[in-house]
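Working notes for the structure below.
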2 protein chains.
Amino acid sequence: MPRTTIADVAQAAGVSVSTVSRALRGLDRVSPETRERIEQEAKRLHFSFSKSASSLASGKTMRVAVLLPNEISSWFNAHAFEGIYEVMSKAGYDIVPYIVWTQDDLDAFFQNLPGNRNVDAVIEASFDFDEAKKQVLGNLTIPVVGMNAPSTHGLDAGVAIDDEASMATIVRFLKSLGHKTLAYIEQPINTTPFVCSDRLRKKGFSEASQACGYADEDIIVMPSLSHIDARSEQDIYSGIVAQLLSAPKQPTAICVSVDAVAAPLLKELRRMGWRVPQDVSLVGFDDDDTATALDLTTMHQDPAEIGRIAARKTLALLNGETLDEPFTVMPTSLVLRGTTERVS
Amino acid sequence: MPRTTIADVAQAAGVSVSTVSRALRGLDRVSPETRERIEQEAKRLHFSFSKSASSLASGKTMRVAVLLPNEISSWFNAHAFEGIYEVMSKAGYDIVPYIVWTQDDLDAFFQNLPGNRNVDAVIEASFDFDEAKKQVLGNLTIPVVGMNAPSTHGLDAGVAIDDEASMATIVRFLKSLGHKTLAYIEQPINTTPFVCSDRLRKKGFSEASQACGYADEDIIVMPSLSHIDARSEQDIYSGIVAQLLSAPKQPTAICVSVDAVAAPLLKELRRMGWRVPQDVSLVGFDDDDTATALDLTTMHQDPAEIGRIAARKTLALLNGETLDEPFTVMPTSLVLRGTTERVS
DNA sequence: TTGAAAGCGCTAACAA
DNA sequence: TTGTTAGCGCTTTCAA
């Protein structure tokens, strides 16, 4: 199956290549009859444009890069990517993921990005860029749109939830249930140096609990393990539960930075004989699939919609429009399920 | 930031473009000193190749298409994609997903695919192609690799688990636990016309239960709902549980076609007063995140590894190698957790 | 070891 | 309404 070019179609239809180009791209200045004929020949010959040739000639790649931290299979990334795909693909764009694990990956991305036009735009998720990178982004001539980015600096547009405010909502909710001692558990293993939400949520928790009048001794914060020793997940979580049990004041409610922490924690709590929610309440963050499965009270966000909105902004920017609201904040909502209870 | 071209680098380094091209691609026939100089200039100017220009000139796009059914956020797809990404990106390839929801999407993909070289290879997940499409794939000059494909026809290589055999393992396991009546629940809402695993697993269940000596009245199979009425997920699942409860013989064990079915089913079973595993055992398939969260006994498969292997085969094919084992079968393993019990 | 030159398949003026 | 003509930025013979 030799590849058919626009010239083949032109010859078959008895017209010039530029006419074919115009016809097939739906431009005007082509008579209905010629267009019809060209379209038929194109179909018959299974013609489709070579993207490479088109982009080389036009300067537009019809591709957008999606920069994702750590993995595409994480709940947030996968759904955000899907939302982006949904709208960008309809507009004719290919979307190319770039997954960043290490600082080196990120540096490489930035080293190559500015120099050449391999994509028309970049959409980025959750990165906490350093100043140098924000500079680079800011100098880019292509649109850069952020999802759940901690700052607007260097971005042309963005969509994000308010992590701090959402966490504060959780704290106030727990206070209203009468909880006297709160614990906050970060992701115990956090290998990502450039992602922001954990930090913001922790900040939100700390500030809100102070604002709600909790004294220092009524707040237990368990940070990420700085270096990962060879312990199993089970060991890590039983360690956490042990610390909770042996705290001067045992917490009556536990917040976690993401739902993913809730499942193993819940299992350990129950294994240690704590009943949830009777002995201790547990609140997650994200509302992913495991949250539903575990009947976990949690803070809901909609990453697919975040992706869609980011993509729509990108599209608008690509069309040269000016956004009247470049940065939008998405609402979150507390989903009440079975792991929280009023303190009796 | 104007885009730097290979000509800029050539000028800066005082050599010709072809020398720069050779040097930067690591080819020989370049003296160490010139190479050094060129590399420095390239870095200084933030040069990187225009993929479009390279592919136009070389005929290689350095891109592979990944054809995915329905969504990229599903557990299998996301992890398989990640596995592919991991190995292809290291080899310098961009990987671009094509997500197919409708038959039209699929047709469009096939209409465009053969005619032109926009990708160097395609990796495909779980599609049950019709004969015409298999033809098209077979005639393609680029490698086509399948993941969990039901047939090898039209593919140059593939990786898959044995859905039927895995399901048979589950049936034998339940028999060995003394279960006398088995139920099989398909995904109640299945909007995908072109995906295969459901069908294979059901077949595996039916054949194995016969082979194990279960009589027809000891087998309850609940197929997908053919048309989706407006019922909520809860209603659907309580309907299923109601049917199970009112069956002539109540099942002592339930198999589901995928873990995703297990979570809502489990919830409904418990709501209706069935204790799992005391009153009824439940076995999933896939071992996704909810399986862990729910402590579900299930059949484990590793989609990321499937993706990696598919990618490695693709790479080998791209390098013109002949695979000594084009089609490989991946092992699955039964993970015993808390939702199964011996019948007393 | 290096360079000149001819495309790759298309788009975008411009001319007809 | 259509065709002609330059490129787009690279790779790839082929000469030097």
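Every chain in the structure tokens takes a letter, A first, then B, and so on in the order presented; its residues are numbered from 1, and the ligands are numbered from 1 following the presented order.
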Would you list which chain B residues are within 8 Å of chain D using only C-alpha atoms (C1' of nucleotides), as an mmCIF file with C-alpha atoms, in the first residue's frame?
```cif
data_model
loop_
_atom_site.group_PDB
_atom_site.id
_atom_site.type_symbol
_atom_site.label_atom_id
_atom_site.label_comp_id
_atom_site.auth_asym_id
_atom_site.auth_seq_id
_atom_site.Cartn_x
_atom_site.Cartn_y
_atom_site.Cartn_z
ATOM 1 C CA THR B 5 16.808 25.832 12.824
ATOM 2 C CA ILE B 6 19.560 23.505 11.949
ATOM 3 C CA SER B 21 22.467 16.826 11.155
ATOM 4 C CA SER B 50 11.566 19.934 14.116
ATOM 5 C CA ALA B 53 10.781 18.365 9.038
ATOM 6 C CA SER B 54 12.656 15.281 10.128
ATOM 7 C CA SER B 55 9.826 12.959 9.386
ATOM 8 C CA LEU B 56 9.060 14.546 6.083
ATOM 9 C CA ALA B 57 12.623 14.128 5.007
ATOM 10 C CA SER B 58 13.287 10.726 6.494
#
```
All residues 8 Å or closer to Glu186 (chain A), only C-alpha atoms (C1' of nucleotides), same chain fewer than 2 positions away omitted, as a VMD selection string: chain A and resid 184 188 198 202 221 to 224 256 to 258 261
Limited to N, CA and C atoms, could you put the picked residues into a file as a PDB file, in the first residue's frame?
```pdb
ATOM      1  N   TYR A 184      -3.850  14.861  60.572  1.00  0.00           N
ATOM      2  CA  TYR A 184      -3.714  15.043  59.125  1.00  0.00           C
ATOM      3  C   TYR A 184      -2.599  14.139  58.635  1.00  0.00           C
ATOM      4  N   PRO A 188       2.298   9.110  52.585  1.00  0.00           N
ATOM      5  CA  PRO A 188       3.535   8.731  53.289  1.00  0.00           C
ATOM      6  C   PRO A 188       4.728   8.652  52.356  1.00  0.00           C
ATOM      7  N   ASP A 198      -0.329  18.572  47.504  1.00  0.00           N
ATOM      8  CA  ASP A 198      -0.092  18.119  48.866  1.00  0.00           C
ATOM      9  C   ASP A 198       0.247  19.274  49.800  1.00  0.00           C
ATOM     10  N   LYS A 202      -2.118  20.655  52.927  1.00  0.00           N
ATOM     11  CA  LYS A 202      -1.586  20.654  54.288  1.00  0.00           C
ATOM     12  C   LYS A 202      -1.688  22.051  54.887  1.00  0.00           C
ATOM     13  N   VAL A 221      -0.079  16.325  62.889  1.00  0.00           N
ATOM     14  CA  VAL A 221       0.208  16.298  61.459  1.00  0.00           C
ATOM     15  C   VAL A 221       1.305  15.286  61.185  1.00  0.00           C
ATOM     16  N   MET A 222       1.002  14.341  60.306  1.00  0.00           N
ATOM     17  CA  MET A 222       1.991  13.313  59.961  1.00  0.00           C
ATOM     18  C   MET A 222       2.489  13.565  58.547  1.00  0.00           C
ATOM     19  N   PRO A 223       3.710  14.078  58.471  1.00  0.00           N
ATOM     20  CA  PRO A 223       4.233  14.427  57.144  1.00  0.00           C
ATOM     21  C   PRO A 223       4.690  13.200  56.372  1.00  0.00           C
ATOM     22  N   SER A 224       4.988  13.396  55.092  1.00  0.00           N
ATOM     23  CA  SER A 224       5.540  12.343  54.254  1.00  0.00           C
ATOM     24  C   SER A 224       6.855  11.843  54.843  1.00  0.00           C
ATOM     25  N   VAL A 256      -6.944  12.990  55.316  1.00  0.00           N
ATOM     26  CA  VAL A 256      -5.808  12.559  54.509  1.00  0.00           C
ATOM     27  C   VAL A 256      -5.686  13.484  53.305  1.00  0.00           C
ATOM     28  N   SER A 257      -4.495  13.562  52.756  1.00  0.00           N
ATOM     29  CA  SER A 257      -4.281  14.516  51.668  1.00  0.00           C
ATOM     30  C   SER A 257      -4.887  14.030  50.360  1.00  0.00           C
ATOM     31  N   VAL A 258      -4.998  12.716  50.196  1.00  0.00           N
ATOM     32  CA  VAL A 258      -5.667  12.162  49.008  1.00  0.00           C
ATOM     33  C   VAL A 258      -6.341  10.847  49.371  1.00  0.00           C
ATOM     34  N   VAL A 261      -4.605   7.502  50.181  1.00  0.00           N
ATOM     35  CA  VAL A 261      -4.072   7.206  51.506  1.00  0.00           C
ATOM     36  C   VAL A 261      -5.141   6.539  52.376  1.00  0.00           C
TER      37      VAL A 261
END
```
Chain B residues near chain C (8 Å cut-off, only C-alpha atoms (C1' of nucleotides)) as a VMD selection string: chain B and resid 16 18 to 19 29 to 31 56 to 59
Residues of chain A within 7 Å of chain B, only C-alpha atoms counted, as an NGL selection string: :A and (1 or 3-4 or 46-53 or 55-56 or 72-73 or 78-79 or 82 or 94-96 or 111-112 or 115-118 or 139-140 or 263 or 289-290 or 293-294)
Can I get the selection written as a compact mmCIF listing (two decimals), in the first residue's frame, with N, CA and C atoms?
```
# COMPACT_ATOMS: atom_id res chain seq x y z
N MET A 1 0.84 -1.20 0.00
CA MET A 1 0.00 0.00 0.00
C MET A 1 0.88 1.26 0.00
N ARG A 3 1.99 5.05 -0.12
CA ARG A 3 1.27 6.17 0.46
C ARG A 3 0.82 7.13 -0.65
N THR A 4 -0.43 7.47 -0.59
CA THR A 4 -0.97 8.40 -1.58
C THR A 4 -0.72 9.81 -1.11
N HIS A 46 -7.98 6.47 -0.38
CA HIS A 46 -7.64 6.46 1.05
C HIS A 46 -6.66 7.56 1.40
N PHE A 47 -6.86 8.69 0.80
CA PHE A 47 -5.91 9.77 1.08
C PHE A 47 -6.18 10.43 2.42
N SER A 48 -5.11 10.70 3.12
CA SER A 48 -5.22 11.64 4.24
C SER A 48 -3.93 12.44 4.29
N PHE A 49 -4.01 13.62 4.82
CA PHE A 49 -2.85 14.50 4.81
C PHE A 49 -1.70 13.93 5.62
N SER A 50 -0.53 14.18 5.16
CA SER A 50 0.64 13.94 6.00
C SER A 50 0.76 15.12 6.95
N LYS A 51 0.62 14.79 8.21
CA LYS A 51 0.69 15.87 9.20
C LYS A 51 2.02 16.57 9.17
N SER A 52 3.06 15.78 8.94
CA SER A 52 4.39 16.37 8.93
C SER A 52 4.49 17.43 7.85
N ALA A 53 4.04 17.06 6.66
CA ALA A 53 4.14 18.00 5.55
C ALA A 53 3.28 19.23 5.81
N SER A 55 2.34 20.49 8.66
CA SER A 55 2.85 21.39 9.68
C SER A 55 4.10 22.10 9.22
N LEU A 56 4.90 21.41 8.47
CA LEU A 56 6.10 22.05 7.99
C LEU A 56 5.73 23.26 7.12
N ILE A 72 0.38 8.63 34.10
CA ILE A 72 -0.87 9.01 33.47
C ILE A 72 -1.99 8.16 34.06
N SER A 73 -1.60 7.13 34.79
CA SER A 73 -2.63 6.23 35.31
C SER A 73 -3.19 6.69 36.65
N ALA A 78 -5.30 10.77 34.64
CA ALA A 78 -6.03 10.03 33.61
C ALA A 78 -7.31 10.74 33.22
N HIS A 79 -8.02 11.23 34.21
CA HIS A 79 -9.30 11.87 33.90
C HIS A 79 -9.10 13.25 33.29
N GLU A 82 -8.19 12.72 29.76
CA GLU A 82 -9.38 12.34 29.00
C GLU A 82 -10.23 13.55 28.63
N ASP A 94 -4.05 16.42 17.67
CA ASP A 94 -3.49 15.25 18.33
C ASP A 94 -3.01 15.71 19.69
N ILE A 95 -3.13 14.84 20.66
CA ILE A 95 -2.60 15.26 21.94
C ILE A 95 -1.52 14.29 22.39
N VAL A 96 -0.40 14.86 22.71
CA VAL A 96 0.78 14.06 23.00
C VAL A 96 1.18 14.22 24.45
N GLN A 111 14.31 22.09 28.00
CA GLN A 111 15.43 22.38 27.10
C GLN A 111 14.96 22.36 25.64
N ASN A 112 14.06 21.45 25.33
CA ASN A 112 13.64 21.29 23.94
C ASN A 112 12.45 22.14 23.56
N GLY A 115 12.86 25.92 21.88
CA GLY A 115 13.63 26.09 20.67
C GLY A 115 12.86 25.83 19.41
N ASN A 116 11.94 24.94 19.47
CA ASN A 116 11.33 24.57 18.22
C ASN A 116 9.85 24.29 18.36
N ARG A 117 9.18 24.45 17.28
CA ARG A 117 7.74 24.33 17.31
C ARG A 117 7.29 22.91 17.00
N ASN A 118 7.35 22.05 18.00
CA ASN A 118 6.84 20.70 17.77
C ASN A 118 5.40 20.53 18.22
N ASN A 139 8.15 33.19 28.30
CA ASN A 139 8.72 33.67 27.05
C ASN A 139 8.23 32.89 25.84
N LEU A 140 7.56 31.79 26.11
CA LEU A 140 7.07 30.97 25.03
C LEU A 140 6.05 31.73 24.20
N ALA A 263 -7.51 4.22 51.84
CA ALA A 263 -7.78 2.79 51.79
C ALA A 263 -6.85 1.98 52.69
N ASP A 289 -12.29 6.42 42.61
CA ASP A 289 -13.07 5.18 42.61
C ASP A 289 -13.03 4.45 43.94
N THR A 290 -11.89 4.49 44.57
CA THR A 290 -11.80 3.78 45.84
C THR A 290 -12.68 4.46 46.89
N ALA A 293 -15.97 3.02 46.50
CA ALA A 293 -15.95 1.63 46.93
C ALA A 293 -15.93 1.52 48.45
N LEU A 294 -15.19 2.41 49.09
CA LEU A 294 -15.04 2.33 50.55
C LEU A 294 -16.11 3.11 51.28
```
Who sits within 10 Å of region 314-324 of chain A, only C-alpha atoms (C1' of nucleotides), same chain under 2 positions skipped, as a list in words: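 In the requested form, the answer reads Val64, Ile84, Val87, Met88, Ala91, Tyr93, Asp120, Ala121, Val122, Ile123, Ile142, Pro143, Val144, Val145, Gly146, Asp156, Ala157, Gly158, Arg308, Ile309, Ala310, Ala311, Arg312, Pro326 and Phe327 of chain A.
Here CA of Thr328 (chain B) stands at a distance of 21.3 Å from CA of Pro69 (chain B).
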DSSP strand (DSSP E or B) selection over region 154-329 of chain B, as an MDAnalysis selection string: chainID B and resid 157:161 182:185 189 195 219:222 225 253:256 281:286 297:300 327:329
Residues flagged helix (DSSP H, G or I) by DSSP in region 105-282 of chain B, as a VMD selection string: chain B and resid 105 to 112 131 to 139 163 to 176 197 to 211 216 to 218 233 to 245 259 to 271
Computed interatomic separation between CA of Ile161 (chain B) and CA of Val329 (chain B) (Å): 5.3 Å
Within 12 Å of Arg172 (chain A), counting only C-alpha atoms (C1' of nucleotides), which residues qualify if same-chain residues fewer than 2 places away don't, as an mmCIF file with all heavy atoms, in the first residue's frame?
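For reference, out_4.cif as written:
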```cif
data_model
loop_
_atom_site.group_PDB
_atom_site.id
_atom_site.type_symbol
_atom_site.label_atom_id
_atom_site.label_comp_id
_atom_site.auth_asym_id
_atom_site.auth_seq_id
_atom_site.Cartn_x
_atom_site.Cartn_y
_atom_site.Cartn_z
ATOM 1 N N ALA A 165 -8.900 26.165 50.437
ATOM 2 C CA ALA A 165 -10.270 26.404 50.886
ATOM 3 C C ALA A 165 -11.028 25.095 51.066
ATOM 4 O O ALA A 165 -11.828 24.939 51.996
ATOM 5 C CB ALA A 165 -10.988 27.308 49.888
ATOM 6 N N SER A 166 -10.762 24.146 50.171
ATOM 7 C CA SER A 166 -11.462 22.867 50.279
ATOM 8 C C SER A 166 -11.078 22.147 51.568
ATOM 9 O O SER A 166 -11.917 21.557 52.248
ATOM 10 C CB SER A 166 -11.115 21.976 49.087
ATOM 11 O OG SER A 166 -11.444 22.617 47.876
ATOM 12 N N MET A 167 -9.805 22.207 51.865
ATOM 13 C CA MET A 167 -9.348 21.565 53.098
ATOM 14 C C MET A 167 -9.955 22.273 54.307
ATOM 15 O O MET A 167 -10.324 21.626 55.298
ATOM 16 C CB MET A 167 -7.819 21.648 53.134
ATOM 17 C CG MET A 167 -7.161 20.553 53.906
ATOM 18 S SD MET A 167 -7.358 18.917 53.149
ATOM 19 C CE MET A 167 -7.744 17.984 54.622
ATOM 20 N N ALA A 168 -10.049 23.574 54.215
ATOM 21 C CA ALA A 168 -10.645 24.338 55.321
ATOM 22 C C ALA A 168 -12.100 23.925 55.527
ATOM 23 O O ALA A 168 -12.581 23.817 56.661
ATOM 24 C CB ALA A 168 -10.551 25.835 55.026
ATOM 25 N N THR A 169 -12.781 23.668 54.438
ATOM 26 C CA THR A 169 -14.171 23.204 54.538
ATOM 27 C C THR A 169 -14.250 21.904 55.323
ATOM 28 O O THR A 169 -15.111 21.717 56.183
ATOM 29 C CB THR A 169 -14.738 22.976 53.124
ATOM 30 O OG1 THR A 169 -14.674 24.200 52.402
ATOM 31 C CG2 THR A 169 -16.168 22.482 53.182
ATOM 32 N N ILE A 170 -13.310 21.018 55.019
ATOM 33 C CA ILE A 170 -13.291 19.742 55.734
ATOM 34 C C ILE A 170 -13.097 19.961 57.228
ATOM 35 O O ILE A 170 -13.790 19.373 58.057
ATOM 36 C CB ILE A 170 -12.166 18.829 55.169
ATOM 37 C CG1 ILE A 170 -12.514 18.399 53.752
ATOM 38 C CG2 ILE A 170 -11.950 17.622 56.071
ATOM 39 C CD1 ILE A 170 -11.431 17.578 53.065
ATOM 40 N N LEU A 174 -15.648 18.981 60.281
ATOM 41 C CA LEU A 174 -15.322 18.099 61.405
ATOM 42 C C LEU A 174 -15.561 18.800 62.742
ATOM 43 O O LEU A 174 -16.035 18.188 63.699
ATOM 44 C CB LEU A 174 -13.868 17.633 61.300
ATOM 45 C CG LEU A 174 -13.608 16.659 60.135
ATOM 46 C CD1 LEU A 174 -12.120 16.401 59.963
ATOM 47 C CD2 LEU A 174 -14.369 15.348 60.334
ATOM 48 N N LYS A 175 -15.245 20.075 62.760
ATOM 49 C CA LYS A 175 -15.498 20.830 63.989
ATOM 50 C C LYS A 175 -16.995 20.836 64.287
ATOM 51 O O LYS A 175 -17.419 20.647 65.436
ATOM 52 C CB LYS A 175 -14.993 22.265 63.848
ATOM 53 C CG LYS A 175 -15.113 23.060 65.134
ATOM 54 C CD LYS A 175 -14.715 24.514 64.929
ATOM 55 C CE LYS A 175 -15.155 25.368 66.109
ATOM 56 N NZ LYS A 175 -14.290 25.154 67.299
ATOM 57 N N SER A 176 -17.786 21.021 63.253
ATOM 58 C CA SER A 176 -19.237 21.082 63.458
ATOM 59 C C SER A 176 -19.793 19.744 63.936
ATOM 60 O O SER A 176 -20.851 19.675 64.536
ATOM 61 C CB SER A 176 -19.939 21.515 62.164
ATOM 62 O OG SER A 176 -20.106 20.407 61.305
ATOM 63 N N LEU A 177 -19.048 18.669 63.632
ATOM 64 C CA LEU A 177 -19.469 17.364 64.141
ATOM 65 C C LEU A 177 -19.008 17.141 65.581
ATOM 66 O O LEU A 177 -19.269 16.096 66.163
ATOM 67 C CB LEU A 177 -18.902 16.240 63.264
ATOM 68 C CG LEU A 177 -19.475 16.063 61.858
ATOM 69 C CD1 LEU A 177 -18.884 14.806 61.208
ATOM 70 C CD2 LEU A 177 -20.998 15.944 61.881
ATOM 71 N N GLY A 178 -18.294 18.110 66.091
ATOM 72 C CA GLY A 178 -17.880 18.012 67.490
ATOM 73 C C GLY A 178 -16.521 17.373 67.710
ATOM 74 O O GLY A 178 -16.163 17.052 68.844
ATOM 75 N N HIS A 179 -15.743 17.220 66.665
ATOM 76 C CA HIS A 179 -14.433 16.589 66.841
ATOM 77 C C HIS A 179 -13.469 17.529 67.545
ATOM 78 O O HIS A 179 -13.375 18.703 67.218
ATOM 79 C CB HIS A 179 -13.875 16.140 65.493
ATOM 80 C CG HIS A 179 -14.606 14.954 64.945
ATOM 81 N ND1 HIS A 179 -14.360 13.674 65.361
ATOM 82 C CD2 HIS A 179 -15.639 14.870 64.065
ATOM 83 C CE1 HIS A 179 -15.185 12.844 64.729
ATOM 84 N NE2 HIS A 179 -15.978 13.540 63.945
ATOM 85 N N LYS A 180 -12.761 16.954 68.512
ATOM 86 C CA LYS A 180 -11.909 17.786 69.372
ATOM 87 C C LYS A 180 -10.436 17.689 68.991
ATOM 88 O O LYS A 180 -9.654 18.597 69.245
ATOM 89 C CB LYS A 180 -12.053 17.339 70.838
ATOM 90 C CG LYS A 180 -13.459 17.527 71.398
ATOM 91 C CD LYS A 180 -13.711 18.988 71.769
ATOM 92 C CE LYS A 180 -15.092 19.168 72.389
ATOM 93 N NZ LYS A 180 -16.047 19.775 71.427
ATOM 94 N N LEU A 182 -7.814 16.556 65.830
ATOM 95 C CA LEU A 182 -7.743 16.188 64.421
ATOM 96 C C LEU A 182 -6.347 15.717 64.039
ATOM 97 O O LEU A 182 -5.350 16.243 64.545
ATOM 98 C CB LEU A 182 -8.089 17.392 63.534
ATOM 99 C CG LEU A 182 -9.387 18.146 63.810
ATOM 100 C CD1 LEU A 182 -9.565 19.245 62.769
ATOM 101 C CD2 LEU A 182 -10.570 17.206 63.810
ATOM 102 N N GLY A 204 -3.744 24.359 54.026
ATOM 103 C CA GLY A 204 -5.156 24.618 54.283
ATOM 104 C C GLY A 204 -5.603 23.993 55.586
ATOM 105 O O GLY A 204 -6.323 24.618 56.379
ATOM 106 N N PHE A 205 -5.148 22.790 55.827
ATOM 107 C CA PHE A 205 -5.530 22.111 57.065
ATOM 108 C C PHE A 205 -5.010 22.868 58.280
ATOM 109 O O PHE A 205 -5.750 23.150 59.229
ATOM 110 C CB PHE A 205 -4.988 20.678 57.070
ATOM 111 C CG PHE A 205 -5.211 19.963 58.370
ATOM 112 C CD1 PHE A 205 -6.418 19.320 58.631
ATOM 113 C CD2 PHE A 205 -4.221 19.940 59.352
ATOM 114 C CE1 PHE A 205 -6.643 18.673 59.836
ATOM 115 C CE2 PHE A 205 -4.430 19.298 60.556
ATOM 116 C CZ PHE A 205 -5.639 18.667 60.808
ATOM 117 N N SER A 206 -3.737 23.189 58.231
ATOM 118 C CA SER A 206 -3.125 23.837 59.395
ATOM 119 C C SER A 206 -3.778 25.168 59.691
ATOM 120 O O SER A 206 -4.161 25.450 60.844
ATOM 121 C CB SER A 206 -1.628 24.052 59.144
ATOM 122 O OG SER A 206 -0.993 22.812 58.966
ATOM 123 N N GLU A 207 -3.921 25.966 58.677
ATOM 124 C CA GLU A 207 -4.477 27.299 58.901
ATOM 125 C C GLU A 207 -5.925 27.233 59.355
ATOM 126 O O GLU A 207 -6.336 27.949 60.270
ATOM 127 C CB GLU A 207 -4.354 28.128 57.623
ATOM 128 C CG GLU A 207 -2.888 28.417 57.299
ATOM 129 C CD GLU A 207 -2.714 29.307 56.080
ATOM 130 O OE1 GLU A 207 -3.738 29.646 55.425
ATOM 131 O OE2 GLU A 207 -1.549 29.651 55.776
ATOM 132 N N ALA A 208 -6.693 26.343 58.731
ATOM 133 C CA ALA A 208 -8.102 26.263 59.103
ATOM 134 C C ALA A 208 -8.269 25.738 60.518
ATOM 135 O O ALA A 208 -9.145 26.190 61.265
ATOM 136 C CB ALA A 208 -8.848 25.374 58.112
ATOM 137 N N SER A 209 -7.438 24.788 60.901
ATOM 138 C CA SER A 209 -7.626 24.241 62.247
ATOM 139 C C SER A 209 -7.272 25.280 63.297
ATOM 140 O O SER A 209 -7.920 25.365 64.343
ATOM 141 C CB SER A 209 -6.818 22.945 62.419
ATOM 142 O OG SER A 209 -5.496 23.129 61.999
ATOM 143 N N GLN A 210 -6.270 26.081 62.993
ATOM 144 C CA GLN A 210 -5.988 27.206 63.906
ATOM 145 C C GLN A 210 -7.158 28.171 63.939
ATOM 146 O O GLN A 210 -7.631 28.564 65.004
ATOM 147 C CB GLN A 210 -4.732 27.941 63.447
ATOM 148 C CG GLN A 210 -3.469 27.178 63.771
ATOM 149 C CD GLN A 210 -2.246 28.084 63.695
ATOM 150 O OE1 GLN A 210 -2.352 29.274 63.360
ATOM 151 N NE2 GLN A 210 -1.092 27.531 63.998
ATOM 152 N N ALA A 211 -7.605 28.524 62.755
ATOM 153 C CA ALA A 211 -8.711 29.487 62.673
ATOM 154 C C ALA A 211 -9.959 28.980 63.385
ATOM 155 O O ALA A 211 -10.768 29.763 63.891
ATOM 156 C CB ALA A 211 -9.019 29.782 61.202
ATOM 157 N N CYS A 212 -10.099 27.662 63.426
ATOM 158 C CA CYS A 212 -11.267 27.086 64.091
ATOM 159 C C CYS A 212 -11.069 26.960 65.597
ATOM 160 O O CYS A 212 -11.935 26.445 66.312
ATOM 161 C CB CYS A 212 -11.583 25.706 63.520
ATOM 162 S SG CYS A 212 -12.382 25.755 61.906
ATOM 163 N N GLY A 213 -9.916 27.380 66.042
ATOM 164 C CA GLY A 213 -9.702 27.387 67.477
ATOM 165 C C GLY A 213 -9.089 26.121 68.043
ATOM 166 O O GLY A 213 -9.055 25.930 69.262
ATOM 167 N N TYR A 214 -8.604 25.248 67.199
ATOM 168 C CA TYR A 214 -7.942 24.052 67.720
ATOM 169 C C TYR A 214 -6.575 24.442 68.281
ATOM 170 O O TYR A 214 -5.819 25.185 67.645
ATOM 171 C CB TYR A 214 -7.771 23.007 66.631
ATOM 172 C CG TYR A 214 -9.050 22.300 66.259
ATOM 173 C CD1 TYR A 214 -9.817 22.716 65.173
ATOM 174 C CD2 TYR A 214 -9.502 21.210 67.011
ATOM 175 C CE1 TYR A 214 -10.989 22.063 64.828
ATOM 176 C CE2 TYR A 214 -10.683 20.562 66.685
ATOM 177 C CZ TYR A 214 -11.429 20.986 65.596
ATOM 178 O OH TYR A 214 -12.589 20.347 65.279
ATOM 179 N N ALA A 253 -10.814 12.429 64.636
ATOM 180 C CA ALA A 253 -11.052 12.503 63.193
ATOM 181 C C ALA A 253 -9.713 12.602 62.474
ATOM 182 O O ALA A 253 -8.774 13.230 62.969
ATOM 183 C CB ALA A 253 -11.917 13.702 62.841
ATOM 184 N N CYS A 255 -7.901 13.463 58.686
ATOM 185 C CA CYS A 255 -7.948 13.910 57.302
ATOM 186 C C CYS A 255 -6.748 13.325 56.570
ATOM 187 O O CYS A 255 -5.670 13.218 57.137
ATOM 188 C CB CYS A 255 -7.832 15.428 57.207
ATOM 189 S SG CYS A 255 -9.111 16.301 58.086
ATOM 190 N N LEU A 334 -18.095 18.661 49.283
ATOM 191 C CA LEU A 334 -17.907 17.623 50.276
ATOM 192 C C LEU A 334 -18.974 16.551 50.064
ATOM 193 O O LEU A 334 -20.170 16.855 50.008
ATOM 194 C CB LEU A 334 -18.046 18.247 51.670
ATOM 195 C CG LEU A 334 -17.644 17.399 52.864
ATOM 196 C CD1 LEU A 334 -16.206 16.904 52.739
ATOM 197 C CD2 LEU A 334 -17.817 18.197 54.148
#
```
